[in-house]
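Okay, coords.csv is below, CSV, C-alpha atoms and all ligand atoms:
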```
chain,number,residue,atom,x,y,z
R,1,MET,CA,0.2,-6.7,24.7
R,2,PRO,CA,-1.0,-4.5,21.8
R,3,ALA,CA,-4.6,-5.4,21.1
R,4,SER,CA,-4.2,-6.4,17.5
R,5,GLN,CA,-1.7,-9.1,18.4
R,6,ALA,CA,-4.4,-11.0,20.1
R,7,VAL,CA,-7.6,-9.9,18.4
R,8,PHE,CA,-7.0,-11.0,14.8
R,9,SER,CA,-6.1,-14.7,14.7
R,10,ALA,CA,-3.2,-16.1,12.7
R,11,ALA,CA,-5.9,-17.6,10.4
R,12,ALA,CA,-6.9,-14.1,9.1
R,13,LEU,CA,-3.3,-13.6,7.9
R,14,ALA,CA,-2.5,-17.2,6.9
R,15,ASP,CA,-2.7,-16.7,3.2
R,16,CYS,CA,-0.4,-13.6,3.2
R,17,ARG,CA,3.0,-14.1,1.7
R,18,HIS,CA,4.7,-10.7,1.6
R,19,ALA,CA,4.2,-8.3,4.5
R,20,LEU,CA,5.3,-4.7,5.1
R,21,VAL,CA,5.4,-3.7,8.7
R,22,TYR,CA,5.9,-0.1,9.8
R,23,GLY,CA,7.2,0.9,13.2
R,24,ASP,CA,7.0,-2.5,15.0
R,25,GLY,CA,9.2,-1.2,17.8
R,26,ASP,CA,10.8,-4.1,19.7
R,27,GLY,CA,9.6,-6.8,17.3
R,28,ARG,CA,7.0,-8.6,19.4
R,29,PHE,CA,4.5,-8.7,16.6
R,30,LEU,CA,7.1,-9.6,14.0
R,31,ALA,CA,8.1,-12.6,16.0
R,32,ARG,CA,4.5,-13.8,16.3
R,33,LEU,CA,3.8,-13.2,12.6
R,34,LEU,CA,6.9,-15.1,11.5
R,35,ARG,CA,6.2,-18.0,13.8
R,36,SER,CA,2.5,-18.3,13.0
R,37,ASN,CA,2.9,-18.0,9.2
R,38,PRO,CA,5.9,-20.1,8.0
R,39,HIS,CA,5.5,-19.0,4.4
R,40,ILE,CA,5.5,-15.2,4.9
R,41,SER,CA,8.4,-12.9,4.2
R,42,VAL,CA,8.5,-9.6,6.0
R,43,ASP,CA,10.0,-6.2,5.3
R,44,SER,CA,10.0,-4.2,8.6
R,45,VAL,CA,10.7,-0.4,8.5
R,46,ASP,CA,11.6,1.6,11.6
R,47,CYS,CA,13.4,4.9,11.7
R,48,ARG,CA,15.0,4.3,15.1
R,49,ALA,CA,18.3,2.4,15.3
R,50,ALA,CA,17.5,1.4,18.9
R,51,MET,CA,14.3,-0.4,17.8
R,52,ILE,CA,16.2,-2.2,15.0
R,53,SER,CA,18.7,-3.5,17.6
R,54,LEU,CA,15.9,-4.7,19.8
R,55,VAL,CA,14.3,-6.6,16.9
R,56,GLU,CA,17.7,-8.1,16.0
R,57,ARG,CA,18.1,-9.3,19.6
R,58,ARG,CA,14.6,-10.8,19.7
R,59,MET,CA,15.2,-12.5,16.3
R,60,ASP,CA,18.4,-14.2,17.6
R,61,ARG,CA,16.0,-16.2,19.8
R,62,ILE,CA,13.4,-17.2,17.3
R,63,GLY,CA,15.4,-19.4,15.0
R,64,SER,CA,17.2,-19.0,11.7
R,65,SER,CA,14.3,-20.1,9.4
R,66,ALA,CA,12.1,-17.3,10.7
R,67,ARG,CA,15.0,-14.8,10.8
R,68,ARG,CA,15.8,-15.5,7.1
R,69,ARG,CA,12.3,-14.4,6.1
R,70,LEU,CA,12.7,-11.0,7.8
R,71,THR,CA,14.5,-7.9,6.3
R,72,LEU,CA,15.0,-5.0,8.6
R,73,HIS,CA,15.1,-1.5,7.1
R,74,HIS,CA,16.4,1.4,9.1
R,75,ASP,CA,14.4,4.0,7.2
R,76,ASN,CA,11.7,6.6,7.3
R,77,ALA,CA,8.4,5.1,6.3
R,78,LEU,CA,7.5,8.4,4.6
R,79,SER,CA,10.2,7.8,2.1
R,80,PHE,CA,10.7,4.0,2.1
R,81,SER,CA,10.2,2.1,-1.1
R,82,SER,CA,10.9,-1.6,-1.8
R,83,TYR,CA,10.6,-2.5,-5.4
R,84,SER,CA,11.2,-6.2,-4.7
R,85,PHE,CA,7.6,-7.1,-3.9
R,86,ARG,CA,4.1,-5.9,-4.0
R,87,TYR,CA,2.9,-6.7,-0.5
R,88,ASP,CA,-0.3,-8.5,0.4
R,89,LEU,CA,-0.2,-7.5,4.0
R,90,LEU,CA,0.5,-4.1,5.7
R,91,VAL,CA,0.7,-3.8,9.5
R,92,THR,CA,1.0,-0.9,11.8
R,93,HIS,CA,0.5,-1.0,15.5
R,94,PHE,CA,0.4,2.3,17.4
R,95,PHE,CA,2.3,3.9,14.5
R,96,LEU,CA,-0.2,6.0,12.6
R,97,ASP,CA,-0.5,8.3,15.6
R,98,CYS,CA,3.1,9.4,15.0
R,99,PHE,CA,1.7,11.4,12.0
R,100,SER,CA,-0.7,14.2,11.2
R,101,THR,CA,-3.6,13.4,8.8
R,102,ALA,CA,-1.7,15.3,6.1
R,103,GLU,CA,1.4,13.1,6.6
R,104,LEU,CA,-0.8,10.0,6.5
R,105,ASN,CA,-2.0,11.0,3.1
R,106,VAL,CA,1.7,11.2,2.0
R,107,LEU,CA,2.4,7.9,3.6
R,108,PHE,CA,-0.5,6.1,1.9
R,109,ASP,CA,0.2,7.9,-1.5
R,110,ARG,CA,3.6,6.2,-1.3
R,111,THR,CA,2.5,2.9,0.2
R,112,VAL,CA,-0.6,1.9,-1.8
R,113,PRO,CA,1.4,1.4,-5.1
R,114,GLN,CA,3.5,-1.1,-3.2
R,115,LEU,CA,0.5,-3.2,-2.3
R,116,THR,CA,-1.4,-5.9,-4.2
R,117,THR,CA,-5.1,-5.4,-5.0
R,118,GLY,CA,-6.9,-7.2,-2.1
R,119,ALA,CA,-4.0,-6.6,0.3
R,120,LEU,CA,-4.9,-6.6,4.0
R,121,PHE,CA,-4.1,-3.8,6.4
R,122,LEU,CA,-3.9,-4.7,10.1
R,123,VAL,CA,-3.9,-1.6,12.3
R,124,SER,CA,-4.2,-0.9,16.0
R,125,GLU,CA,-4.5,2.6,17.4
R,126,PHE,CA,-5.7,4.7,20.3
R,127,ALA,CA,-9.1,6.3,19.7
R,128,THR,CA,-11.2,9.0,21.3
R,129,ILE,CA,-14.5,7.6,22.6
R,130,GLU,CA,-17.8,9.2,21.5
R,131,GLY,CA,-20.5,8.8,24.1
R,132,GLY,CA,-20.8,6.6,27.2
R,133,PRO,CA,-19.0,6.8,30.5
R,134,MET,CA,-15.5,6.5,29.0
R,135,ALA,CA,-16.0,9.5,26.6
R,136,ALA,CA,-15.1,12.2,29.2
R,137,VAL,CA,-11.8,10.5,30.1
R,138,SER,CA,-10.6,9.4,26.7
R,139,ARG,CA,-9.6,12.9,25.5
R,140,PRO,CA,-7.5,13.7,28.6
R,141,ILE,CA,-5.9,10.3,28.5
R,142,ILE,CA,-4.9,10.7,24.9
R,143,ALA,CA,-3.7,14.3,25.5
R,144,VAL,CA,-1.4,13.0,28.3
R,145,LEU,CA,-0.1,10.1,26.1
R,146,TYR,CA,0.7,12.6,23.4
R,147,ARG,CA,2.4,14.9,25.9
R,148,VAL,CA,4.6,12.1,27.2
R,149,PHE,CA,5.4,10.7,23.7
R,150,GLY,CA,6.1,14.3,22.5
R,151,LEU,CA,8.6,14.9,25.3
R,152,LEU,CA,10.3,11.5,24.8
R,153,THR,CA,10.4,11.4,21.0
R,154,LYS,CA,10.0,15.0,19.9
R,155,LEU,CA,7.1,13.9,17.7
R,156,GLY,CA,5.2,16.8,16.1
R,157,PRO,CA,1.5,15.7,16.2
R,158,ARG,CA,-0.6,16.4,19.3
R,159,HIS,CA,-3.9,14.9,18.1
R,160,LEU,CA,-4.9,11.6,16.7
R,161,PRO,CA,-5.0,11.7,12.9
R,162,ASP,CA,-8.1,10.7,11.1
R,163,HIS,CA,-6.7,7.5,9.6
R,164,SER,CA,-10.2,6.2,8.6
R,165,SER,CA,-10.8,9.0,6.1
R,166,VAL,CA,-7.3,8.6,4.7
R,167,LEU,CA,-7.8,4.9,4.2
R,168,ASP,CA,-11.3,5.4,2.6
R,169,ALA,CA,-9.7,7.9,0.2
R,170,HIS,CA,-7.0,5.5,-0.7
R,171,GLY,CA,-9.3,2.7,-1.6
R,172,PHE,CA,-9.4,0.6,1.6
R,173,THR,CA,-12.6,-1.0,3.0
R,174,LEU,CA,-13.0,-1.8,6.7
R,175,LEU,CA,-13.6,-5.6,7.2
R,176,GLU,CA,-13.4,-5.8,11.0
R,177,HIS,CA,-13.3,-3.4,13.9
R,178,LYS,CA,-12.7,-4.4,17.5
R,179,THR,CA,-12.3,-2.3,20.6
R,180,TRP,CA,-10.5,-2.6,23.9
R,181,LEU,CA,-10.6,-0.7,27.2
R,182,GLY,CA,-14.1,0.7,26.5
R,183,GLY,CA,-13.0,1.9,23.0
R,184,LEU,CA,-9.7,3.6,23.9
R,185,LEU,CA,-7.9,1.0,21.8
R,186,VAL,CA,-9.1,-0.2,18.4
R,187,SER,CA,-7.9,-3.0,16.2
R,188,GLU,CA,-9.0,-2.9,12.6
R,189,LEU,CA,-8.6,-5.1,9.5
R,190,TRP,CA,-8.9,-3.2,6.2
R,191,GLN,CA,-8.6,-4.4,2.6
R,192,LEU,CA,-7.4,-2.6,-0.4
R,193,GLN,CA,-10.1,-2.8,-3.1
R,194,ASN,CA,-8.4,-1.3,-6.1
R,201,LIG,C1,4.6,4.2,19.4
R,201,LIG,S1,5.9,3.1,18.8
R,201,LIG,C2,4.9,1.6,18.5
R,201,LIG,C3,5.8,0.4,18.6
R,201,LIG,C4,5.0,-0.9,18.5
R,201,LIG,N1,4.4,-1.0,17.1
R,201,LIG,C5,4.0,-1.2,19.5
R,201,LIG,O1,2.8,-1.4,19.2
R,201,LIG,O2,4.4,-1.2,20.7
R,201,LIG,C6,6.1,3.8,17.1
R,201,LIG,C7,7.2,3.1,16.3
R,201,LIG,O3,7.2,3.7,15.1
R,201,LIG,C8,8.6,4.1,14.7
R,201,LIG,N2,8.5,5.3,13.9
R,201,LIG,C9,8.0,6.5,14.2
R,201,LIG,N3,8.0,7.3,13.1
R,201,LIG,C10,8.5,6.6,12.1
R,201,LIG,C11,8.8,6.9,10.7
R,201,LIG,N4,8.5,8.1,10.1
R,201,LIG,N5,9.3,5.9,9.9
R,201,LIG,C12,9.6,4.7,10.5
R,201,LIG,N6,9.3,4.4,11.8
R,201,LIG,C13,8.8,5.3,12.6
R,201,LIG,C14,9.2,4.4,16.1
R,201,LIG,O4,10.6,4.3,16.0
R,201,LIG,C15,8.6,3.3,16.9
R,201,LIG,O5,9.3,2.0,16.8
```
Represent the structure contained in this file as structure tokens.
Amino acid sequence: MPASQAVFSAAALADCRHALVYGDGDGRFLARLLRSNPHISVDSVDCRAAMISLVERRMDRIGSSARRRLTLHHDNALSFSSYSFRYDLLVTHFFLDCFSTAELNVLFDRTVPQLTTGALFLVSEFATIEGGPMAAVSRPIIAVLYRVFGLLTKLGPRHLPDHSSVLDAHGFTLLEHKTWLGGLLVSELWQLQN
């Protein structure tokens, strides 16, 4: 289970009403979000048709009320815009690592105007560990993961982007930071300040 699905309780997201979720994959987080927050509507963006199909199949099982609150967009997050809402919640799980730091700047240049002031951003990612016994193994583990993902998906990046500096530069403040597997996985809750 991706760390952030368990780390940040439904209570943290209970007041959110319009969520934008990038790259949710098979829809496990979407199902939990829609079930735990009966007032939220969600726009979910994924560039792979196979992932959209998996989400649709999962949604068939969660009930029509939740399904009605979800809109699936088969689109590239780097060019996606929805002018229907300004979102008060942005979510990405193991998505930012599909991009270089330069691409993340483009992504957030585009995304921030679609968010409300005070919007929350829930993110989980891999991280390289600085210091301690896990430090020596974290870089090779991440290098292998990138090699595998690169072969499977033809993704360009081979290094973790520096998402924290991109978020700082785009006006986000870190509210909470939790780690798993000795720091190899991180879950963070950020807030857009302005
Ligand atoms: C590594 S998977 C993570 C899936 C899921 N969030 C999880 O935690 O298991 C990355 C997801 O992002 C999607 N994705 C990658 N690049 C994208 C892009 N430019 N625009 C939209 N979706 C993208 C992929 O199709 C995939 O569903």
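Shortest separation to Met134 in chain R among R:Gly182, R:Asp88, R:Val112, R:Phe95 occurs at residue R:Gly182, atoms counted being all atoms listed in the file.
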Counting all atoms listed in the file, the residue among R:Leu34, R:Cys98, R:Ala14, R:Leu20 that lies closest to ligand LIG 201 (chain R) is R:Cys98
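For the set R:Leu175, R:Ala12, R:Ile52, R:Ile62, the residue with the smallest atom-to-atom gap to ligand LIG 201 (chain R) is R:Ile52, counting only C-alpha atoms and all ligand atoms.
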Protein and nucleic acid residues within 9 Å of ligand LIG 201 (chain R) (all atoms listed in the file) as a PyMOL selection string: chain R and resi 1-5+21-29+45-52+73-80+91-99+107+124-125+149+153+155
Please, what distance in Å, to one decimal, runs between CA of Ser82 in chain R and CA of Arg110 in chain R?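 Computing the Euclidean distance for CA of Ser82 in chain R and CA of Arg110 in chain R yields 10.7 Å.
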What's around Thr117 in chain R at 9 Å? Count only C-alpha atoms, leave out sequence neighbours fewer than 4 positions away in its own chain, and write the answer as number ranges by chain. R: 88, 191-194
Between CA of Ala102 in chain R and CA of Phe126 in chain R, what distance in Å does the model show, to one decimal?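 Separation between CA of Ala102 in chain R and CA of Phe126 in chain R: 18.2 Å.
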Could you tell me how far CA of Tyr87 in chain R sits from CA of Thr116 in chain R, in Å to one decimal place? 5.7 Å
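For the choices R:Arg32, R:Arg67, R:Arg86, R:His177, the atom-to-atom distance to Leu115 in chain R is smallest for R:Arg86 when using only C-alpha atoms.
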Nearby residues (all atoms listed in the file) at most 9 Å from Leu30 in chain R, same-chain spacing under 6 positions excluded, as a ChimeraX atom specification: /R:21,24,42,44,55,59,70
So which one's closest to Leu189 in chain R, R:Glu103, R:Ala66, R:Pro38, R:Leu13? Using all atoms listed in the file, please. R:Leu13
